[in-house]
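Engineer: Got upload_3.cif for you, mmCIF, C-alpha atoms:
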```cif
data_my_file
loop_
_atom_site.label_atom_id
_atom_site.label_comp_id
_atom_site.auth_asym_id
_atom_site.auth_seq_id
_atom_site.Cartn_x
_atom_site.Cartn_y
_atom_site.Cartn_z
CA MET A 170 -40.28 0.59 20.24
CA ALA A 171 -38.37 3.26 22.13
CA THR A 172 -35.35 0.99 22.36
CA GLY A 173 -35.44 0.46 18.59
CA SER A 174 -35.60 4.20 18.03
CA VAL A 175 -32.61 4.79 20.32
CA THR A 176 -30.63 2.05 18.54
CA ALA A 177 -31.49 3.44 15.11
CA GLY A 178 -30.57 6.93 16.26
CA GLY A 179 -27.23 5.69 17.52
CA GLN A 180 -26.53 3.94 14.24
CA ASP A 181 -27.39 7.12 12.34
CA ARG A 182 -24.96 9.13 14.45
CA VAL A 183 -22.20 6.59 13.87
CA ARG A 184 -22.91 6.62 10.14
CA ARG A 185 -22.81 10.44 10.04
CA ALA A 186 -19.51 10.37 11.92
CA ALA A 187 -18.10 7.88 9.40
CA ASN A 188 -19.15 10.19 6.56
CA SER A 189 -17.93 13.33 8.30
CA ARG A 190 -15.46 15.91 7.06
CA ALA A 191 -12.94 14.65 9.64
CA VAL A 192 -12.90 11.15 8.16
CA GLU A 193 -12.55 12.61 4.67
CA VAL A 194 -9.55 14.68 5.75
CA ALA A 195 -8.06 11.61 7.44
CA ALA A 196 -8.43 9.57 4.24
CA ARG A 197 -6.83 12.25 2.07
CA ALA A 198 -3.95 12.63 4.54
CA GLY A 199 -3.49 8.87 4.36
CA PHE A 200 -3.14 9.00 0.58
CA VAL A 201 -0.48 11.70 0.93
CA ALA A 202 1.43 9.52 3.42
CA ARG A 203 1.17 6.44 1.19
CA GLY A 204 2.49 8.48 -1.72
CA ILE A 205 5.51 9.63 0.30
CA ILE A 206 6.42 6.06 1.22
CA TYR A 207 6.17 4.77 -2.35
CA VAL A 208 8.15 7.68 -3.79
CA LEU A 209 10.91 7.06 -1.25
CA ILE A 210 10.94 3.31 -1.97
CA GLY A 211 11.27 4.16 -5.66
CA VAL A 212 14.18 6.53 -4.96
CA LEU A 213 15.95 3.90 -2.83
CA SER A 214 15.41 1.33 -5.60
CA LEU A 215 17.00 3.67 -8.15
CA ARG A 216 20.04 3.99 -5.91
CA ILE A 217 20.32 0.23 -5.77
CA ALA A 218 19.93 -0.08 -9.53
CA PHE A 219 22.75 2.30 -10.40
CA SER A 220 25.06 2.24 -7.39
CA GLY A 221 24.25 -1.00 -5.56
CA GLY A 222 23.26 1.04 -2.52
CA GLY A 223 22.95 -0.73 0.80
CA GLU A 224 19.72 0.99 1.87
CA GLN A 225 16.57 -1.09 2.25
CA ALA A 226 14.18 -0.49 -0.62
CA ASP A 227 11.06 -1.09 1.46
CA ARG A 228 8.90 0.62 4.04
CA GLY A 229 11.62 0.27 6.69
CA GLY A 230 14.14 1.93 4.40
CA ALA A 231 11.73 4.77 3.69
CA ILE A 232 11.16 5.32 7.42
CA ALA A 233 14.91 5.32 8.09
CA GLU A 234 15.40 7.81 5.25
CA ILE A 235 12.85 10.20 6.73
CA ALA A 236 14.33 9.83 10.23
CA GLN A 237 17.68 11.11 8.97
CA LYS A 238 16.23 14.38 7.71
CA PRO A 239 15.90 17.60 9.70
CA PHE A 240 12.78 17.36 11.91
CA GLY A 241 12.65 13.67 10.89
CA THR A 242 10.92 12.57 14.10
CA VAL A 243 8.20 15.20 13.65
CA LEU A 244 7.72 14.09 10.05
CA LEU A 245 7.39 10.47 11.16
CA TRP A 246 4.73 11.40 13.72
CA LEU A 247 2.78 13.21 11.01
CA LEU A 248 3.22 10.27 8.64
CA GLY A 249 2.05 7.75 11.24
CA ILE A 250 -0.99 9.84 12.17
CA ALA A 251 -1.90 10.22 8.49
CA LEU A 252 -1.65 6.45 7.97
CA ALA A 253 -3.84 5.93 11.03
CA GLY A 254 -6.32 8.23 9.29
CA MET A 255 -6.23 5.93 6.28
CA ALA A 256 -6.97 2.96 8.55
CA LEU A 257 -9.90 4.85 10.11
CA TRP A 258 -11.35 5.62 6.70
CA ARG A 259 -11.03 1.98 5.61
CA LEU A 260 -12.78 0.97 8.84
CA SER A 261 -15.69 3.27 7.98
CA GLU A 262 -15.85 1.67 4.51
CA ALA A 263 -15.92 -1.80 6.07
CA ALA A 264 -18.72 -0.77 8.40
CA PHE A 265 -20.89 1.28 6.04
CA GLY A 266 -19.65 0.60 2.51
CA GLN A 267 -17.62 2.57 -0.02
CA ALA A 268 -18.66 5.57 -2.06
CA GLY A 269 -20.53 4.60 -5.22
CA PRO A 270 -23.59 2.55 -6.15
CA ASP A 271 -21.99 -0.85 -5.46
CA GLY A 272 -19.93 0.22 -2.45
CA GLY A 273 -22.03 -1.79 -0.01
CA LYS A 274 -21.13 -5.19 -1.48
CA ALA A 275 -19.89 -7.71 1.06
CA THR A 276 -16.70 -8.34 -0.91
CA LYS A 277 -15.81 -4.64 -1.00
CA ARG A 278 -16.48 -4.25 2.69
CA ALA A 279 -14.33 -7.29 3.47
CA MET A 280 -11.49 -5.86 1.38
CA ALA A 281 -11.84 -2.55 3.21
CA ALA A 282 -11.56 -4.41 6.52
CA GLY A 283 -8.36 -6.09 5.34
CA ARG A 284 -6.92 -2.74 4.26
CA CYS A 285 -7.89 -1.26 7.63
CA VAL A 286 -5.84 -3.93 9.42
CA PHE A 287 -2.90 -3.42 7.04
CA TYR A 288 -2.78 0.37 7.37
CA GLY A 289 -3.34 0.09 11.11
CA PHE A 290 -0.24 -2.11 11.36
CA VAL A 291 1.80 0.24 9.17
CA ALA A 292 0.68 3.26 11.20
CA TYR A 293 1.58 1.47 14.44
CA SER A 294 5.07 0.58 13.16
CA VAL A 295 5.76 4.16 12.03
CA LEU A 296 4.48 5.70 15.27
CA SER A 297 6.45 3.18 17.34
CA PHE A 298 9.61 4.13 15.48
CA ALA A 299 8.89 7.82 16.01
CA ALA A 300 8.36 7.15 19.73
CA GLY A 301 11.83 5.61 20.01
CA ASP A 302 11.36 1.92 19.19
CA LYS A 303 13.99 1.84 16.45
CA GLY A 304 13.48 -1.87 15.85
CA SER A 305 9.85 -1.40 14.94
CA GLY A 306 9.20 0.39 11.69
CA SER A 307 12.65 0.04 10.13
CA GLY A 308 13.03 -3.72 10.36
CA SER A 309 14.08 -5.59 7.25
CA SER A 310 11.11 -6.83 5.25
CA ASP A 311 13.28 -9.72 4.01
CA LYS A 312 14.17 -10.94 7.50
CA ASN A 313 10.57 -10.56 8.65
CA SER A 314 9.31 -12.55 5.64
CA GLN A 315 11.84 -15.32 6.23
CA ASP A 316 11.13 -15.49 9.97
CA VAL A 317 7.37 -15.71 9.43
CA THR A 318 7.84 -18.30 6.67
CA ALA A 319 10.14 -20.41 8.86
CA LYS A 320 7.60 -20.43 11.71
CA ALA A 321 4.72 -21.27 9.36
CA LEU A 322 6.64 -24.12 7.73
CA ASP A 323 7.05 -25.74 11.16
CA TRP A 324 3.29 -25.89 11.65
CA PRO A 325 1.27 -28.98 10.67
CA GLY A 326 0.49 -28.50 6.99
CA GLY A 327 2.87 -25.56 6.98
CA GLN A 328 3.94 -26.02 3.38
CA TRP A 329 0.34 -25.81 2.25
CA ILE A 330 -0.28 -22.72 4.39
CA VAL A 331 2.77 -20.89 3.02
CA GLY A 332 2.01 -22.02 -0.53
CA ILE A 333 -1.60 -20.84 -0.35
CA ALA A 334 -0.52 -17.52 1.19
CA GLY A 335 2.06 -17.08 -1.58
CA ALA A 336 -0.53 -17.89 -4.23
CA ALA A 337 -2.91 -15.35 -2.66
CA VAL A 338 -0.23 -12.63 -2.77
CA THR A 339 0.59 -13.52 -6.38
CA ALA A 340 -3.08 -13.41 -7.32
CA ALA A 341 -3.47 -10.07 -5.53
CA GLY A 342 -0.50 -8.67 -7.43
CA LEU A 343 -1.87 -9.80 -10.78
CA TRP A 344 -5.29 -8.40 -9.82
CA ILE A 345 -3.73 -5.03 -8.90
CA ALA A 346 -1.82 -4.89 -12.20
CA ALA A 347 -4.83 -5.96 -14.27
CA ARG A 348 -7.12 -3.38 -12.67
CA ALA A 349 -4.50 -0.71 -13.27
CA LEU A 350 -4.18 -1.64 -16.94
CA MET A 351 -7.98 -1.58 -17.30
CA ARG A 352 -8.05 1.83 -15.54
CA LYS A 353 -10.59 0.63 -13.00
CA PHE A 354 -9.31 3.30 -10.64
CA GLU A 355 -11.06 6.00 -12.67
CA LYS A 356 -14.47 5.15 -11.20
CA HIS A 357 -13.14 6.07 -7.76
CA LEU A 358 -11.88 9.48 -8.86
CA LYS A 359 -13.66 12.75 -9.62
CA MET A 360 -12.46 12.70 -13.22
CA GLN A 361 -14.97 15.38 -14.27
CA GLU A 362 -13.22 17.90 -12.01
CA MET A 363 -9.90 17.47 -13.84
CA SER A 364 -8.75 19.23 -16.97
CA ALA A 365 -8.19 17.06 -20.05
CA ARG A 366 -4.41 17.25 -19.55
CA MET A 367 -4.70 16.33 -15.89
CA ARG A 368 -6.93 13.34 -16.70
CA LYS A 369 -4.29 12.01 -19.07
CA ALA A 370 -1.55 12.53 -16.49
CA VAL A 371 -3.48 10.83 -13.69
CA ALA A 372 -4.38 7.94 -15.99
CA PHE A 373 -0.71 7.51 -16.92
CA PHE A 374 0.48 7.49 -13.30
CA GLY A 375 -2.35 5.16 -12.31
CA VAL A 376 -1.67 2.62 -15.07
CA PHE A 377 2.13 2.71 -14.85
CA GLY A 378 2.30 2.90 -11.07
CA GLY A 379 -0.40 0.34 -10.40
CA THR A 380 1.12 -2.14 -12.85
CA ALA A 381 4.59 -1.80 -11.29
CA ARG A 382 3.15 -2.26 -7.81
CA GLY A 383 1.21 -5.33 -8.91
CA ILE A 384 4.32 -6.88 -10.50
CA VAL A 385 6.27 -6.46 -7.25
CA PHE A 386 3.48 -8.10 -5.23
CA ALA A 387 3.11 -10.97 -7.70
CA THR A 388 6.87 -11.61 -7.74
CA ALA A 389 7.07 -11.63 -3.94
CA GLY A 390 4.21 -14.13 -3.86
CA GLY A 391 6.10 -16.33 -6.32
CA PHE A 392 9.09 -16.45 -3.96
CA ALA A 393 6.79 -17.51 -1.10
CA ILE A 394 5.46 -20.34 -3.26
CA ALA A 395 9.06 -21.43 -4.00
CA ALA A 396 9.84 -21.38 -0.27
CA ALA A 397 6.84 -23.65 0.37
CA VAL A 398 7.59 -26.11 -2.43
CA GLN A 399 11.28 -26.41 -1.51
CA HIS A 400 10.67 -26.10 2.26
CA GLN A 401 13.32 -23.40 2.45
CA PRO A 402 12.36 -20.24 4.36
CA GLY A 403 15.33 -18.43 2.81
CA LYS A 404 13.58 -18.50 -0.57
CA ALA A 405 10.95 -16.07 0.75
CA LYS A 406 11.71 -12.43 0.02
CA GLY A 407 10.40 -9.13 1.29
CA MET A 408 10.05 -6.06 -0.90
CA ASP A 409 13.76 -5.19 -0.69
CA ASN A 410 15.14 -8.49 -1.99
CA THR A 411 12.25 -8.82 -4.43
CA LEU A 412 13.24 -5.51 -6.00
CA ARG A 413 16.93 -6.46 -6.03
CA THR A 414 15.98 -9.61 -7.94
CA PHE A 415 14.89 -7.51 -10.90
CA ALA A 416 18.45 -6.20 -11.19
CA ALA A 417 19.71 -9.79 -11.44
CA THR A 418 17.69 -10.48 -14.62
CA PRO A 419 19.21 -10.33 -18.11
CA ALA A 420 17.83 -6.78 -18.35
CA GLY A 421 20.16 -5.86 -15.50
CA PRO A 422 19.63 -2.68 -13.46
CA TRP A 423 17.39 -1.18 -16.14
CA LEU A 424 14.47 -3.43 -15.23
CA LEU A 425 14.82 -2.48 -11.56
CA ALA A 426 15.05 1.18 -12.61
CA LEU A 427 11.81 0.82 -14.60
CA ILE A 428 10.04 -0.77 -11.62
CA ALA A 429 11.48 1.92 -9.33
CA VAL A 430 10.12 4.71 -11.51
CA GLY A 431 6.81 2.85 -11.58
CA LEU A 432 6.66 2.80 -7.77
CA MET A 433 7.40 6.53 -7.75
CA ALA A 434 4.58 6.96 -10.26
CA PHE A 435 2.27 5.10 -7.89
CA GLY A 436 3.30 7.53 -5.17
CA VAL A 437 2.32 10.45 -7.40
CA PHE A 438 -0.94 8.66 -8.21
CA SER A 439 -1.59 8.38 -4.46
CA TRP A 440 -1.23 12.16 -4.22
CA ALA A 441 -3.78 12.51 -7.04
CA ASN A 442 -6.10 10.33 -4.95
CA ALA A 443 -5.60 12.70 -2.04
CA ARG A 444 -7.05 15.45 -4.22
CA TRP A 445 -9.70 13.73 -6.32
CA ARG A 446 -10.68 10.46 -4.61
CA LYS A 447 -14.39 9.99 -3.93
CA VAL A 448 -14.53 9.59 -0.16
#
```
Taking this structure as input, can you express it in the form of structure tokens?

Structural biologist:
Amino acid sequence: MATGSVTAGGQDRVRRAANSRAVEVAARAGFVARGIIYVLIGVLSLRIAFSGGGEQADRGGAIAEIAQKPFGTVLLWLLGIALAGMALWRLSEAAFGQAGPDGGKATKRAMAAGRCVFYGFVAYSVLSFAAGDKGSGSGSSDKNSQDVTAKALDWPGGQWIVGIAGAAVTAAGLWIAARALMRKFEKHLKMQEMSARMRKAVAFFGVFGGTARGIVFATAGGFAIAAAVQHQPGKAKGMDNTLRTFAATPAGPWLLALIAVGLMAFGVFSWANARWRKV
């Protein structure tokens, strides 16, 4: 009986820690960091659209852009720590559920666990770059995608593995875009605390930004499927080459520019989450 009480007490303390002010601050800092990365990716994409710039329009390009600024290393440390805070918050969601009446569902907790792993990896890459490992955070997403695809294709059943992974990324992209269009994000925000004008602005950035982000994910997944079907790792594309592909369409650079502005809008939407997200 005493052992059960001690165990329950320990679980309560862990749960209180997960719901603490520190975790809330960490989550909000993470949203700020995510917004910075997406705004920078959008800016780099605009440069590519109108000047054919050679910068990488992906996370690596954003990190390299920050590193070139005054106090760039300090900024990267702050960015990496903030992203680690996002990973910590997602871990607490995986362990104890999200805010809201249905936040404890197994599917939501599993998704939170996946996001925890993702943001943990991103935080590690940024912090490694800040610590001096220049080949860490700024690596080309295209080369990484092709290298991973090439290795996977050499495995038994590799084509199926790559194809299923590509289909999963495509489905995730379509899901992200659909949820944005349906404004599902509003249930996670403290909409009642916003003015009418601010609600309209946040809704616009959420719909436009989320849809653009989903389109990029879905397109990248489509390239992975093509790599699997044709057994050509070179067909796989990271974010940079995926974005450049939009400029090669009949719409020319204007489609890439539209997607770029959409990614910047998602960055602004992330900053709105930093202020009004239910944590």

Engineer: Give the answer as one residue: which of A:Ala268, A:Ile333, A:Ala282, A:Gly403 has the shortest atom-to-atom distance to Val317 of chain A, using only C-alpha atoms?

Structural biologist: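 That would be A:Gly403, the residue with the smallest distance to Val317 of chain A.
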
Engineer: Compile the contact shell of segment 188-196 of chain A as a ChimeraX atom specification: residues with an atom at most 12 Å away, counting all atoms listed in the file, same-chain residues fewer than 2 positions apart removed.

Structural biologist: /A:181-186,198-203,247-262,264-268,285,288,439-440,442-448

Engineer: Can you spit out the residues from that selection as an mmCIF file, in the frame of the given file, using C-alpha atoms?

Structural biologist:
```
data_model
loop_
_atom_site.group_PDB
_atom_site.id
_atom_site.type_symbol
_atom_site.label_atom_id
_atom_site.label_comp_id
_atom_site.auth_asym_id
_atom_site.auth_seq_id
_atom_site.Cartn_x
_atom_site.Cartn_y
_atom_site.Cartn_z
ATOM 1 C CA ASP A 181 -27.390 7.120 12.340
ATOM 2 C CA ARG A 182 -24.960 9.130 14.450
ATOM 3 C CA VAL A 183 -22.200 6.590 13.870
ATOM 4 C CA ARG A 184 -22.910 6.620 10.140
ATOM 5 C CA ARG A 185 -22.810 10.440 10.040
ATOM 6 C CA ALA A 186 -19.510 10.370 11.920
ATOM 7 C CA ALA A 198 -3.950 12.630 4.540
ATOM 8 C CA GLY A 199 -3.490 8.870 4.360
ATOM 9 C CA PHE A 200 -3.140 9.000 0.580
ATOM 10 C CA VAL A 201 -0.480 11.700 0.930
ATOM 11 C CA ALA A 202 1.430 9.520 3.420
ATOM 12 C CA ARG A 203 1.170 6.440 1.190
ATOM 13 C CA LEU A 247 2.780 13.210 11.010
ATOM 14 C CA LEU A 248 3.220 10.270 8.640
ATOM 15 C CA GLY A 249 2.050 7.750 11.240
ATOM 16 C CA ILE A 250 -0.990 9.840 12.170
ATOM 17 C CA ALA A 251 -1.900 10.220 8.490
ATOM 18 C CA LEU A 252 -1.650 6.450 7.970
ATOM 19 C CA ALA A 253 -3.840 5.930 11.030
ATOM 20 C CA GLY A 254 -6.320 8.230 9.290
ATOM 21 C CA MET A 255 -6.230 5.930 6.280
ATOM 22 C CA ALA A 256 -6.970 2.960 8.550
ATOM 23 C CA LEU A 257 -9.900 4.850 10.110
ATOM 24 C CA TRP A 258 -11.350 5.620 6.700
ATOM 25 C CA ARG A 259 -11.030 1.980 5.610
ATOM 26 C CA LEU A 260 -12.780 0.970 8.840
ATOM 27 C CA SER A 261 -15.690 3.270 7.980
ATOM 28 C CA GLU A 262 -15.850 1.670 4.510
ATOM 29 C CA ALA A 264 -18.720 -0.770 8.400
ATOM 30 C CA PHE A 265 -20.890 1.280 6.040
ATOM 31 C CA GLY A 266 -19.650 0.600 2.510
ATOM 32 C CA GLN A 267 -17.620 2.570 -0.020
ATOM 33 C CA ALA A 268 -18.660 5.570 -2.060
ATOM 34 C CA CYS A 285 -7.890 -1.260 7.630
ATOM 35 C CA TYR A 288 -2.780 0.370 7.370
ATOM 36 C CA SER A 439 -1.590 8.380 -4.460
ATOM 37 C CA TRP A 440 -1.230 12.160 -4.220
ATOM 38 C CA ASN A 442 -6.100 10.330 -4.950
ATOM 39 C CA ALA A 443 -5.600 12.700 -2.040
ATOM 40 C CA ARG A 444 -7.050 15.450 -4.220
ATOM 41 C CA TRP A 445 -9.700 13.730 -6.320
ATOM 42 C CA ARG A 446 -10.680 10.460 -4.610
ATOM 43 C CA LYS A 447 -14.390 9.990 -3.930
ATOM 44 C CA VAL A 448 -14.530 9.590 -0.160
#
```

Engineer: Pick out the closest residue to Pro422 of chain A from this set: A:Gly436, A:Gly230, A:Pro402, A:Gly221. Count all atoms listed in the file.

Structural biologist: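 Checking each candidate against Pro422 of chain A, we get A:Gly221 as the closest.
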
Engineer: Could you make a table, as JSON lines, of the residues of segment 376-398 of chain A that have an atom within 9 Å of an atom of segment 342-353 of chain A, each with its nearest atom pair and distance in Å to one decimal, counting only C-alpha atoms, in chain and number order?

Structural biologist:
```
{"residue": "A:Val376", "atom": "CA", "partner": "A:Ala349", "partner_atom": "CA", "distance": 4.7}
{"residue": "A:Phe377", "atom": "CA", "partner": "A:Ala349", "partner_atom": "CA", "distance": 7.6}
{"residue": "A:Gly378", "atom": "CA", "partner": "A:Ala349", "partner_atom": "CA", "distance": 8.0}
{"residue": "A:Gly379", "atom": "CA", "partner": "A:Ala349", "partner_atom": "CA", "distance": 5.1}
{"residue": "A:Thr380", "atom": "CA", "partner": "A:Ala346", "partner_atom": "CA", "distance": 4.1}
{"residue": "A:Ala381", "atom": "CA", "partner": "A:Ala346", "partner_atom": "CA", "distance": 7.2}
{"residue": "A:Arg382", "atom": "CA", "partner": "A:Ala346", "partner_atom": "CA", "distance": 7.1}
{"residue": "A:Gly383", "atom": "CA", "partner": "A:Gly342", "partner_atom": "CA", "distance": 4.0}
{"residue": "A:Ile384", "atom": "CA", "partner": "A:Gly342", "partner_atom": "CA", "distance": 6.0}
{"residue": "A:Val385", "atom": "CA", "partner": "A:Gly342", "partner_atom": "CA", "distance": 7.1}
{"residue": "A:Phe386", "atom": "CA", "partner": "A:Gly342", "partner_atom": "CA", "distance": 4.6}
{"residue": "A:Ala387", "atom": "CA", "partner": "A:Gly342", "partner_atom": "CA", "distance": 4.3}
{"residue": "A:Thr388", "atom": "CA", "partner": "A:Gly342", "partner_atom": "CA", "distance": 7.9}
{"residue": "A:Ala389", "atom": "CA", "partner": "A:Gly342", "partner_atom": "CA", "distance": 8.8}
{"residue": "A:Gly390", "atom": "CA", "partner": "A:Gly342", "partner_atom": "CA", "distance": 8.0}
```

Engineer: Those selected residues, please, written with C-alpha atoms and delivered as a PDB file, in the frame of the given file.

Structural biologist:
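again_21.pdb written:
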```pdb
ATOM      1  CA  VAL A 376      -1.670   2.620 -15.070  1.00  0.00           C
ATOM      2  CA  PHE A 377       2.130   2.710 -14.850  1.00  0.00           C
ATOM      3  CA  GLY A 378       2.300   2.900 -11.070  1.00  0.00           C
ATOM      4  CA  GLY A 379      -0.400   0.340 -10.400  1.00  0.00           C
ATOM      5  CA  THR A 380       1.120  -2.140 -12.850  1.00  0.00           C
ATOM      6  CA  ALA A 381       4.590  -1.800 -11.290  1.00  0.00           C
ATOM      7  CA  ARG A 382       3.150  -2.260  -7.810  1.00  0.00           C
ATOM      8  CA  GLY A 383       1.210  -5.330  -8.910  1.00  0.00           C
ATOM      9  CA  ILE A 384       4.320  -6.880 -10.500  1.00  0.00           C
ATOM     10  CA  VAL A 385       6.270  -6.460  -7.250  1.00  0.00           C
ATOM     11  CA  PHE A 386       3.480  -8.100  -5.230  1.00  0.00           C
ATOM     12  CA  ALA A 387       3.110 -10.970  -7.700  1.00  0.00           C
ATOM     13  CA  THR A 388       6.870 -11.610  -7.740  1.00  0.00           C
ATOM     14  CA  ALA A 389       7.070 -11.630  -3.940  1.00  0.00           C
ATOM     15  CA  GLY A 390       4.210 -14.130  -3.860  1.00  0.00           C
TER      16      GLY A 390
END
```

Engineer: Could you tell me which of A:Lys238, A:Arg284, A:Gly211, A:Gly204 comes closest to Ala429 of chain A if we count all atoms listed in the file?

Structural biologist: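 Looking only at the distances to Ala429 of chain A, the closest residue turns out to be A:Gly211.
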
Engineer: Could you give me, as a PyMOL selection string, the residues that have an atom at most 7 Å away from the point (7.9, 9.2, 9.9) in the coordinates of the file, using all atoms listed in the file?

Structural biologist: chain A and resi 232+235-236+241-242+244-249+295+299
